[in-house]
Each structure stands twice: as structure tokens, then as C-alpha cells.
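Undergrad: PDB, C-alpha atoms and all ligand atoms, file upload_25.pdb:
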MODEL        1
ATOM      1  CA  MET A  10      -5.326 -15.200 -26.255
ATOM      2  CA  LYS A  11      -4.447 -13.201 -23.161
ATOM      3  CA  TYR A  12      -5.672  -9.627 -22.742
ATOM      4  CA  PHE A  13      -3.674  -7.562 -20.247
ATOM      5  CA  ILE A  14      -4.458  -3.947 -19.404
ATOM      6  CA  LEU A  15      -1.540  -1.746 -18.402
ATOM      7  CA  PHE A  16      -3.181   0.843 -16.192
ATOM      8  CA  GLY A  17      -2.005   3.980 -14.406
ATOM      9  CA  PRO A  18      -2.090   7.778 -14.377
ATOM     10  CA  PRO A  19      -0.324   9.858 -17.054
ATOM     11  CA  GLY A  20       3.455   9.549 -16.702
ATOM     12  CA  ALA A  21       3.264   6.464 -14.455
ATOM     13  CA  GLY A  22       5.616   4.513 -16.724
ATOM     14  CA  LYS A  23       3.195   2.467 -18.841
ATOM     15  CA  GLY A  24       5.014   3.088 -22.118
ATOM     16  CA  THR A  25       8.387   2.589 -20.413
ATOM     17  CA  GLN A  26       7.449  -0.851 -19.034
ATOM     18  CA  ALA A  27       5.389  -2.042 -22.018
ATOM     19  CA  THR A  28       8.290  -2.931 -24.314
ATOM     20  CA  ALA A  29       9.848  -5.513 -21.992
ATOM     21  CA  MET A  30       6.432  -6.935 -21.059
ATOM     22  CA  ALA A  31       5.460  -7.364 -24.713
ATOM     23  CA  GLU A  32       8.786  -9.052 -25.462
ATOM     24  CA  ASN A  33       8.826 -11.351 -22.403
ATOM     25  CA  TYR A  34       5.280 -12.612 -22.852
ATOM     26  CA  ASN A  35       4.924 -12.404 -26.669
ATOM     27  CA  LEU A  36       2.202  -9.764 -26.492
ATOM     28  CA  LYS A  37       1.218  -7.125 -29.048
ATOM     29  CA  HIS A  38       1.556  -3.741 -27.300
ATOM     30  CA  ILE A  39      -1.255  -1.346 -28.252
ATOM     31  CA  SER A  40      -0.924   2.215 -26.970
ATOM     32  CA  THR A  41      -3.948   4.255 -28.073
ATOM     33  CA  GLY A  42      -1.983   7.458 -27.320
ATOM     34  CA  GLU A  43       0.865   6.344 -29.617
ATOM     35  CA  LEU A  44      -1.554   5.308 -32.375
ATOM     36  CA  LEU A  45      -3.210   8.730 -32.160
ATOM     37  CA  ARG A  46       0.161  10.543 -32.218
ATOM     38  CA  ASN A  47       1.060   8.547 -35.374
ATOM     39  CA  GLU A  48      -2.202   9.667 -37.005
ATOM     40  CA  ILE A  49      -1.362  13.279 -36.106
ATOM     41  CA  ALA A  50       2.188  12.959 -37.481
ATOM     42  CA  GLU A  51       0.834  11.498 -40.747
ATOM     43  CA  GLY A  52      -1.730  14.300 -41.044
ATOM     44  CA  THR A  53      -4.718  11.951 -41.496
ATOM     45  CA  GLU A  54      -8.316  13.159 -41.071
ATOM     46  CA  LEU A  55      -8.527  11.288 -37.768
ATOM     47  CA  GLY A  56      -5.239  12.891 -36.676
ATOM     48  CA  LYS A  57      -6.510  16.368 -37.499
ATOM     49  CA  LYS A  58      -9.636  15.795 -35.404
ATOM     50  CA  ALA A  59      -7.670  14.294 -32.481
ATOM     51  CA  ASN A  60      -4.903  16.904 -32.414
ATOM     52  CA  ASP A  61      -6.816  19.715 -30.735
ATOM     53  CA  LEU A  62      -8.351  17.407 -28.101
ATOM     54  CA  ILE A  63      -5.027  15.782 -27.206
ATOM     55  CA  THR A  64      -3.166  19.093 -27.040
ATOM     56  CA  ARG A  65      -5.747  20.319 -24.519
ATOM     57  CA  GLY A  66      -5.469  17.089 -22.505
ATOM     58  CA  CYS A  67      -9.028  15.964 -23.356
ATOM     59  CA  PHE A  68     -10.098  12.470 -24.383
ATOM     60  CA  VAL A  69     -10.908  11.652 -28.004
ATOM     61  CA  PRO A  70     -14.380  10.104 -28.580
ATOM     62  CA  ASP A  71     -14.855   6.476 -27.498
ATOM     63  CA  GLU A  72     -15.722   5.255 -31.010
ATOM     64  CA  VAL A  73     -12.334   6.464 -32.314
ATOM     65  CA  VAL A  74     -10.247   4.484 -29.817
ATOM     66  CA  VAL A  75     -12.582   1.479 -29.876
ATOM     67  CA  GLY A  76     -12.224   1.383 -33.684
ATOM     68  CA  MET A  77      -8.422   1.437 -33.425
ATOM     69  CA  ILE A  78      -8.380  -1.389 -30.858
ATOM     70  CA  ARG A  79     -10.833  -3.501 -32.864
ATOM     71  CA  SER A  80      -8.752  -3.182 -36.015
ATOM     72  CA  VAL A  81      -5.549  -4.326 -34.238
ATOM     73  CA  PHE A  82      -7.400  -7.316 -32.695
ATOM     74  CA  GLU A  83      -8.573  -8.293 -36.190
ATOM     75  CA  LYS A  84      -5.180  -7.874 -37.876
ATOM     76  CA  VAL A  85      -2.704  -9.303 -35.365
ATOM     77  CA  LYS A  86      -2.818 -13.080 -34.920
ATOM     78  CA  ASP A  87       0.770 -14.284 -34.393
ATOM     79  CA  VAL A  88       1.035 -13.424 -30.668
ATOM     80  CA  ASP A  89       0.012 -14.997 -27.345
ATOM     81  CA  GLY A  90      -2.026 -11.941 -26.423
ATOM     82  CA  PHE A  91      -2.391  -8.176 -26.245
ATOM     83  CA  LEU A  92      -1.079  -5.517 -23.876
ATOM     84  CA  LEU A  93      -3.484  -2.570 -23.841
ATOM     85  CA  ASP A  94      -1.854   0.703 -22.757
ATOM     86  CA  GLY A  95      -4.106   3.756 -22.305
ATOM     87  CA  PHE A  96      -7.279   1.800 -23.093
ATOM     88  CA  PRO A  97      -9.823   1.418 -21.583
ATOM     89  CA  ARG A  98      -9.864   4.831 -19.924
ATOM     90  CA  THR A  99     -13.540   5.171 -19.012
ATOM     91  CA  VAL A 100     -16.107   2.736 -17.634
ATOM     92  CA  SER A 101     -17.957   2.931 -20.933
ATOM     93  CA  GLN A 102     -14.783   1.916 -22.842
ATOM     94  CA  ALA A 103     -14.286  -0.981 -20.391
ATOM     95  CA  GLU A 104     -17.851  -2.178 -20.961
ATOM     96  CA  THR A 105     -17.346  -2.012 -24.728
ATOM     97  CA  LEU A 106     -14.103  -3.973 -24.391
ATOM     98  CA  ASP A 107     -15.861  -6.674 -22.341
ATOM     99  CA  GLN A 108     -18.544  -6.934 -25.064
ATOM    100  CA  MET A 109     -15.988  -6.991 -27.858
ATOM    101  CA  LEU A 110     -14.082  -9.818 -26.159
ATOM    102  CA  ALA A 111     -17.244 -11.752 -25.249
ATOM    103  CA  GLU A 112     -18.146 -11.787 -28.968
ATOM    104  CA  ARG A 113     -14.849 -13.606 -29.531
ATOM    105  CA  GLN A 114     -15.407 -15.941 -26.530
ATOM    106  CA  GLU A 115     -12.547 -14.154 -24.786
ATOM    107  CA  ALA A 116     -12.168 -12.026 -21.643
ATOM    108  CA  VAL A 117      -9.761  -9.593 -19.978
ATOM    109  CA  THR A 118      -7.003 -11.610 -18.262
ATOM    110  CA  GLY A 119      -5.806  -9.034 -15.736
ATOM    111  CA  ILE A 120      -5.062  -5.400 -14.991
ATOM    112  CA  VAL A 121      -1.487  -4.402 -14.162
ATOM    113  CA  SER A 122      -1.753  -1.004 -12.512
ATOM    114  CA  ILE A 123       1.344   1.172 -12.034
ATOM    115  CA  MET A 124       0.559   3.666  -9.290
ATOM    116  CA  ILE A 125       2.389   6.915  -8.461
ATOM    117  CA  PRO A 126       1.273  10.066  -6.584
ATOM    118  CA  ASP A 127       0.215  13.227  -8.471
ATOM    119  CA  GLU A 128       3.404  15.163  -7.620
ATOM    120  CA  MET A 129       5.535  12.429  -9.188
ATOM    121  CA  ILE A 130       3.323  12.487 -12.304
ATOM    122  CA  LYS A 131       4.218  16.131 -12.823
ATOM    123  CA  ALA A 132       7.947  15.603 -12.273
ATOM    124  CA  ARG A 133       8.072  12.699 -14.742
ATOM    125  CA  ILE A 134       6.068  14.517 -17.395
ATOM    126  CA  ARG A 135       8.242  17.641 -17.057
ATOM    127  CA  HIS A 136      11.309  15.451 -17.484
ATOM    128  CA  ARG A 137       9.837  13.741 -20.564
ATOM    129  CA  ALA A 138       8.875  17.131 -22.062
ATOM    130  CA  GLU A 139      12.584  17.971 -22.319
ATOM    131  CA  ILE A 140      13.353  14.699 -24.104
ATOM    132  CA  GLU A 141      10.381  13.808 -26.302
ATOM    133  CA  GLY A 142       8.643  17.139 -26.979
ATOM    134  CA  ARG A 143       5.085  15.728 -26.825
ATOM    135  CA  ALA A 144       2.503  18.467 -27.467
ATOM    136  CA  ASP A 145       0.438  17.394 -24.438
ATOM    137  CA  ASP A 146       3.473  17.640 -22.126
ATOM    138  CA  ALA A 147       4.183  21.273 -22.989
ATOM    139  CA  SER A 148       1.740  23.213 -20.834
ATOM    140  CA  GLU A 149       1.028  23.053 -17.117
ATOM    141  CA  ASP A 150      -2.723  23.528 -17.798
ATOM    142  CA  THR A 151      -2.795  20.507 -20.107
ATOM    143  CA  ILE A 152      -0.907  18.351 -17.590
ATOM    144  CA  ASN A 153      -3.315  19.413 -14.801
ATOM    145  CA  ASN A 154      -6.291  18.654 -17.033
ATOM    146  CA  ARG A 155      -4.918  15.173 -17.809
ATOM    147  CA  ILE A 156      -4.424  14.478 -14.099
ATOM    148  CA  SER A 157      -7.904  15.645 -13.090
ATOM    149  CA  THR A 158      -9.496  13.789 -16.028
ATOM    150  CA  TYR A 159      -7.656  10.660 -14.876
ATOM    151  CA  HIS A 160      -9.076  10.984 -11.345
ATOM    152  CA  GLU A 161     -12.579  11.749 -12.559
ATOM    153  CA  LYS A 162     -13.022   9.390 -15.508
ATOM    154  CA  THR A 163     -10.332   6.705 -15.359
ATOM    155  CA  GLU A 164      -9.948   5.984 -11.626
ATOM    156  CA  PRO A 165     -13.496   4.478 -11.423
ATOM    157  CA  LEU A 166     -12.094   1.599 -13.501
ATOM    158  CA  ILE A 167     -10.221   0.419 -10.394
ATOM    159  CA  ALA A 168     -13.523  -0.481  -8.695
ATOM    160  CA  PHE A 169     -14.877  -1.853 -11.989
ATOM    161  CA  TYR A 170     -12.036  -4.381 -12.280
ATOM    162  CA  GLU A 171     -11.762  -5.016  -8.519
ATOM    163  CA  LYS A 172     -15.344  -6.271  -8.700
ATOM    164  CA  GLN A 173     -14.242  -8.704 -11.419
ATOM    165  CA  GLY A 174     -11.264  -9.777  -9.243
ATOM    166  CA  LYS A 175      -8.841  -8.708 -11.994
ATOM    167  CA  TYR A 176      -7.198  -5.577 -10.551
ATOM    168  CA  HIS A 177      -3.519  -5.834  -9.487
ATOM    169  CA  GLU A 178      -1.537  -2.812  -8.307
ATOM    170  CA  ILE A 179       2.226  -2.236  -8.437
ATOM    171  CA  ASP A 180       4.135   0.508  -6.610
ATOM    172  CA  GLY A 181       5.419   2.653  -9.483
ATOM    173  CA  THR A 182       7.577   4.998  -7.417
ATOM    174  CA  GLY A 183      10.812   2.977  -7.533
ATOM    175  CA  THR A 184      13.449   2.941 -10.272
ATOM    176  CA  ILE A 185      12.542   1.677 -13.759
ATOM    177  CA  GLU A 186      14.348  -1.583 -12.930
ATOM    178  CA  GLU A 187      12.518  -2.020  -9.587
ATOM    179  CA  VAL A 188       9.125  -1.454 -11.212
ATOM    180  CA  LYS A 189      10.056  -3.880 -13.999
ATOM    181  CA  ASN A 190      10.892  -6.574 -11.413
ATOM    182  CA  ASN A 191       7.609  -6.010  -9.554
ATOM    183  CA  ILE A 192       5.677  -6.327 -12.803
ATOM    184  CA  HIS A 193       7.550  -9.502 -13.678
ATOM    185  CA  LYS A 194       6.686 -11.070 -10.298
ATOM    186  CA  LEU A 195       3.015 -10.209 -10.794
ATOM    187  CA  MET A 196       2.859 -11.389 -14.418
ATOM    188  CA  GLU A 197       4.155 -14.813 -13.356
ATOM    189  CA  THR A 198       0.980 -15.219 -11.278
ATOM    190  CA  LEU A 199      -1.550 -14.123 -13.939
TER     191      LEU A 199
HETATM  192  P1  LIG B 201      -1.322   8.454 -23.662
HETATM  193  O1  LIG B 201      -0.259   8.491 -24.655
HETATM  194  O2  LIG B 201      -1.898   7.174 -23.239
HETATM  195  O3  LIG B 201      -0.843   9.318 -22.426
HETATM  196  P2  LIG B 201      -1.029   9.142 -20.843
HETATM  197  O4  LIG B 201      -2.053   8.212 -20.351
HETATM  198  O5  LIG B 201      -1.166  10.543 -20.387
HETATM  199  O6  LIG B 201       0.213   8.424 -20.407
HETATM  200  P3  LIG B 201       1.678   8.798 -20.767
HETATM  201  O7  LIG B 201       2.056   8.246 -22.081
HETATM  202  O8  LIG B 201       1.830  10.281 -20.537
HETATM  203  O9  LIG B 201       2.446   8.089 -19.575
HETATM  204  P4  LIG B 201       3.132   6.662 -19.437
HETATM  205  O10 LIG B 201       2.493   5.975 -18.282
HETATM  206  O11 LIG B 201       3.208   5.931 -20.727
HETATM  207  O12 LIG B 201       4.571   7.136 -18.968
HETATM  208  P5  LIG B 201       6.011   6.943 -19.653
HETATM  209  O13 LIG B 201       6.384   5.491 -19.681
HETATM  210  O14 LIG B 201       6.094   7.698 -20.924
HETATM  211  O15 LIG B 201      -2.552   9.349 -24.186
HETATM  212  C1  LIG B 201      -2.345  10.637 -24.724
HETATM  213  C2  LIG B 201      -3.676  11.268 -25.081
HETATM  214  O16 LIG B 201      -4.318  10.522 -26.114
HETATM  215  C3  LIG B 201      -4.725  11.317 -23.949
HETATM  216  O17 LIG B 201      -4.554  12.418 -23.092
HETATM  217  C4  LIG B 201      -6.014  11.408 -24.776
HETATM  218  O18 LIG B 201      -6.194  12.696 -25.285
HETATM  219  C5  LIG B 201      -5.730  10.489 -25.946
HETATM  220  N1  LIG B 201      -6.149   9.092 -25.649
HETATM  221  C6  LIG B 201      -5.328   8.005 -25.549
HETATM  222  N2  LIG B 201      -6.038   6.908 -25.250
HETATM  223  C7  LIG B 201      -7.339   7.304 -25.163
HETATM  224  C8  LIG B 201      -8.544   6.621 -24.839
HETATM  225  N3  LIG B 201      -8.561   5.311 -24.548
HETATM  226  N4  LIG B 201      -9.700   7.335 -24.848
HETATM  227  C9  LIG B 201      -9.706   8.653 -25.143
HETATM  228  N5  LIG B 201      -8.588   9.357 -25.443
HETATM  229  C10 LIG B 201      -7.419   8.697 -25.435
HETATM  230  O19 LIG B 201       6.919   7.643 -18.534
HETATM  231  C11 LIG B 201       6.893   9.038 -18.311
HETATM  232  C12 LIG B 201       8.301   9.590 -18.072
HETATM  233  O20 LIG B 201       8.796   9.065 -16.843
HETATM  234  C13 LIG B 201       9.321   9.173 -19.129
HETATM  235  O21 LIG B 201      10.208  10.224 -19.353
HETATM  236  C14 LIG B 201      10.053   7.964 -18.506
HETATM  237  O22 LIG B 201      11.364   7.826 -18.963
HETATM  238  C15 LIG B 201       9.982   8.310 -17.032
HETATM  239  N6  LIG B 201       9.908   7.132 -16.161
HETATM  240  C16 LIG B 201       9.137   6.031 -16.358
HETATM  241  N7  LIG B 201       9.277   5.167 -15.322
HETATM  242  C17 LIG B 201      10.133   5.756 -14.441
HETATM  243  C18 LIG B 201      10.668   5.368 -13.160
HETATM  244  N8  LIG B 201      10.339   4.207 -12.588
HETATM  245  N9  LIG B 201      11.515   6.218 -12.539
HETATM  246  C19 LIG B 201      11.843   7.425 -13.122
HETATM  247  N10 LIG B 201      11.385   7.843 -14.331
HETATM  248  C20 LIG B 201      10.547   7.018 -14.974
HETATM  249 MG    MG B 202       2.566   6.326 -22.695
ENDMDL
END
Since I need it in another form, could you write the structure as C-alpha cells?

TA:
Amino acid sequence: MKYFILFGPPGAGKGTQATAMAENYNLKHISTGELLRNEIAEGTELGKKANDLITRGCFVPDEVVVGMIRSVFEKVKDVDGFLLDGFPRTVSQAETLDQMLAERQEAVTGIVSIMIPDEMIKARIRHRAEIEGRADDASEDTINNRISTYHEKTEPLIAFYEKQGKYHEIDGTGTIEEVKNNIHKLMETL
């Protein structure tokens, strides 16, 4: 099995690019954000607990997302690998993922990082707010909190995976098609 991590700040285009990647390389796309939004929409206990945190732009506890990832790994077998989107998001989540994969005699294959500057993050999220109506896209405070949380807690993962020689960065500022082509070129080498 291959284990790819689709990395990048909020609004970088992870969800946008994931569909084609999953299709082209027969990967199961797992977006922890999407799984959590489904739980909220279904009104589950987990969803109720996550709702307030997500709406404020805060992370949900590690054990919640780790549990969701573990259950997909256990259920889904008929693919060539997994495309993790929005996980791991902290060094502690990355360490847990490494352990979880080591138990299965597996390892992370590579990180595909879509990078855009903070000002572009805001423009893209504002644009998506008009189309999708996500609760965490609605307020400027929440967007700012997501951006600063990304810099503080998620950015250290770049060094974590650079040390493992697995970090690969793509310029995410071009058109959707340009970014897709850059990702395709990179994926052919991984
Ligand atoms: P999550 O859903 O993962 O949100 P995120 O990381 O903030 O990322 P986004 O989904 O906002 O951005 P994206 O990169 O997918 O961009 P998109 O393709 O939509 O997480 C939500 C919340 O859940 C978190 O804040 C947290 O509370 C919780 N959570 C999730 N995982 C967790 C974890 N592991 N631990 C703890 N908590 C967790 O694109 C954005 C917009 O730009 C779209 O409108 C799109 O059409 C447009 N666009 C995309 N590409 C381009 C382009 N090249 N040119 C122009 N426009 C473009
Ligand atoms: Mg997304």
C-alpha cells in the first residue's frame, strides 16, 4: 500500500486536487475535515463535540482524528493506497501515524505539499464561503485562527518530513489545471 499525505495551509486546494489524484492512482481519499463535517451534518455525538471547535477554527482532539483514520485503514482494502488530506496536522499526529503504519509493516510514501501565501488563503476561502457555506469559512476571526494555528502547529511537519526525505513542495498559486499538472509530474516520481 502507498500512503500519500496531501499537505498545505487552509484553502490551498487540497480538496480540489484530491479527487483527480485518487482516481489517477487508485487511492482512497480521506479528508478528516470532510469526515468531521459529515458527523456534524448527521448530528452524531462526535459531531456535536466537534462542531464548536471547528466553527472556532480550533483542532479537534488527536484521538478523534486518529480513530477515524484507523477505521478507514481497517475497512478499505480494494485500493493501491491512501491519500490523507488534513491529517496529520501536528507532530504528535505524525508520530502516531508512523507508529500505526509501522505496526502494519508500512510507512508514509511521500508528502505532496501545495503551498500558497497567506493573502491567497484568505481570498480563496472568501470565494469558497460564497459557494459552499462552510461554518468555518464564515468569520474573519475563524479564518485568521486557522491560518495562525497552521503556522504554529502544522508547519513544523515540514521539517519533520524533510528529515525523513519525504517532503515535496508544489507551487499552489497557479490555476487549478497548472497545479494539477505539477502534482502529476511529482506523483510520477514517487
Ligand atoms: P479541513 O476540512 O481539512 O480544512 P482546511 O485544512 O482548513 O483546508 P480546507 O478544506 O479549507 O482547504 P483545501 O486545501 O481543501 O482547499 P480547497 O480545495 O477547498 O479541516 C476543517 C477543520 O476540521 C479544521 O480546522 C479542524 O477544526 C478540523 N480538523 C480536520 N482535520 C483535523 C486534524 N487532523 N486534527 C485536528 N482537527 C482537524 O480550495 C479552497 C477554495 O479555493 C475552493 O473554493 C477552490 O475552488 C479554490 N481553489 C482551489 N485551487 C485553486 C486554484 N489553483 N486557483 C484558484 N482557486 C482555487
Ligand atoms: Mg479541504

Undergrad: Rounded to one decimal, what separation in Å do you get between CA of Lys23 (chain A) and CA of Arg113 (chain A)?

TA: 26.4 Å

Undergrad: Spell out the residues picked by the PyMOL selection byres (((chain A and resi 62) around 12) and not hetatm) here, as a list in words.

TA: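 Here the PyMOL selection byres (((chain A and resi 62) around 12) and not hetatm) matches Gly42, Leu45, Arg46, Ile49, Leu55, Gly56, Lys57, Lys58, Ala59, Asn60, Asp61, Ile63, Thr64, Arg65, Gly66, Cys67, Phe68, Val69, Pro70, Ala144, Asp145, Thr151, Asn154 and Arg155 of chain A.
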
Undergrad: Please find the residues contacting ligand MG 202 (chain B) at a distance of at most 12 Å between atoms, with all atoms listed in the file counted, and report them as an NGL selection string.

TA: :A and (15-28 or 38-46 or 93-96 or 123 or 133-134 or 137 or 141 or 143 or 145-146)

Undergrad: Have a look at CA of Phe169 (chain A) and atom P5 of ligand LIG 201 (chain B) and let me know their distance in Å, one decimal.

TA: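 Computed distance, CA of Phe169 (chain A) to atom P5 of ligand LIG 201 (chain B), equals 23.9 Å.
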
Undergrad: Using 3 Å of padding on each side, determine the axis-aligned box around all atoms of ligand LIG 201 (chain B) present in the file and give its centre and edge lengths in Å to one decimal, as AutoDock Vina command-line options.

TA:
--center_x 1.1 --center_y 8.5 --center_z -19.3 --size_x 27.5 --size_y 14.5 --size_z 19.6

Undergrad: Just checking: using all atoms listed in the file, which residue out of A:Ala31, A:Met124, A:Val117, A:Ile156 ends up closest to Gln173 (chain A)?

TA: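 Using all atoms listed in the file, Gln173 (chain A) sits closest to A:Val117.
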
Undergrad: Would you mind reading off the distance between CA of Glu54 (chain A) and atom O9 of ligand LIG 201 (chain B), one decimal, in Å?

TA: 24.6 Å

Undergrad: Could you please give me, as a ChimeraX atom specification, the residues of protein, DNA or RNA lying at most 10 Å from (3.9, -2.6, -10.2) in the coordinate frame of the file, considering all atoms listed in the file?

TA: /A:15-17,22,26,121-125,177-183,187-196

Undergrad: Check the smallest atom-to-atom distance from each of A:Ala29, A:Ile130, A:Ile14, A:Leu199 to Ser157 (chain A) using only C-alpha atoms, then report the winner.

TA: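 Distance minimum relative to Ser157 (chain A) lands on A:Ile130.
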
Undergrad: Using all atoms listed in the file, pick whichever of A:Ala168, A:Val100, A:Ala111, A:Ala116 has the shortest atom-to-atom distance to ligand LIG 201 (chain B).

TA: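 Going through A:Ala168, A:Val100, A:Ala111, A:Ala116 one by one, the smallest distance to ligand LIG 201 (chain B) is for A:Val100.
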
Undergrad: As a list of chain:residue names, please: the residues near Glu72 (chain A) (cut-off 12 Å, all atoms listed in the file, same-chain neighbours under 2 positions excluded).

TA: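 Neighbouring residues, sequence-local ones excluded: A:Leu55, A:Phe68, A:Val69, A:Pro70, A:Val74, A:Val75, A:Gly76, A:Met77, A:Ile78, A:Arg79, A:Pro97, A:Ser101, A:Gln102, A:Thr105, A:Leu106.
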
Undergrad: Measuring atom to atom with only C-alpha atoms and all ligand atoms, identify which of A:Glu128, A:Glu112, A:Glu186, A:Glu104 is nearest to ligand LIG 201 (chain B).

TA: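 Using only C-alpha atoms and all ligand atoms, the shortest distance to ligand LIG 201 (chain B) belongs to A:Glu186.
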
Undergrad: Using the chain letters and numbers from the file, which residues does the PyMOL selection byres (((chain A and resi 11) around 9) and not hetatm) grab, as number ranges by chain?

TA: A: 10, 12-13, 36, 89-92, 115-119

Undergrad: Find the residue from A:Lys131, A:Lys37, A:Lys84, A:His136 that sits nearest to ligand LIG 201 (chain B); use all atoms listed in the file when measuring.

TA: A:His136

Undergrad: Rank nothing, just name the residue among A:Lys175, A:Arg135, A:Arg98, A:Lys86 nearest to ligand LIG 201 (chain B), using all atoms listed in the file.

TA: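 Result for the nearest residue to ligand LIG 201 (chain B): A:Arg98.
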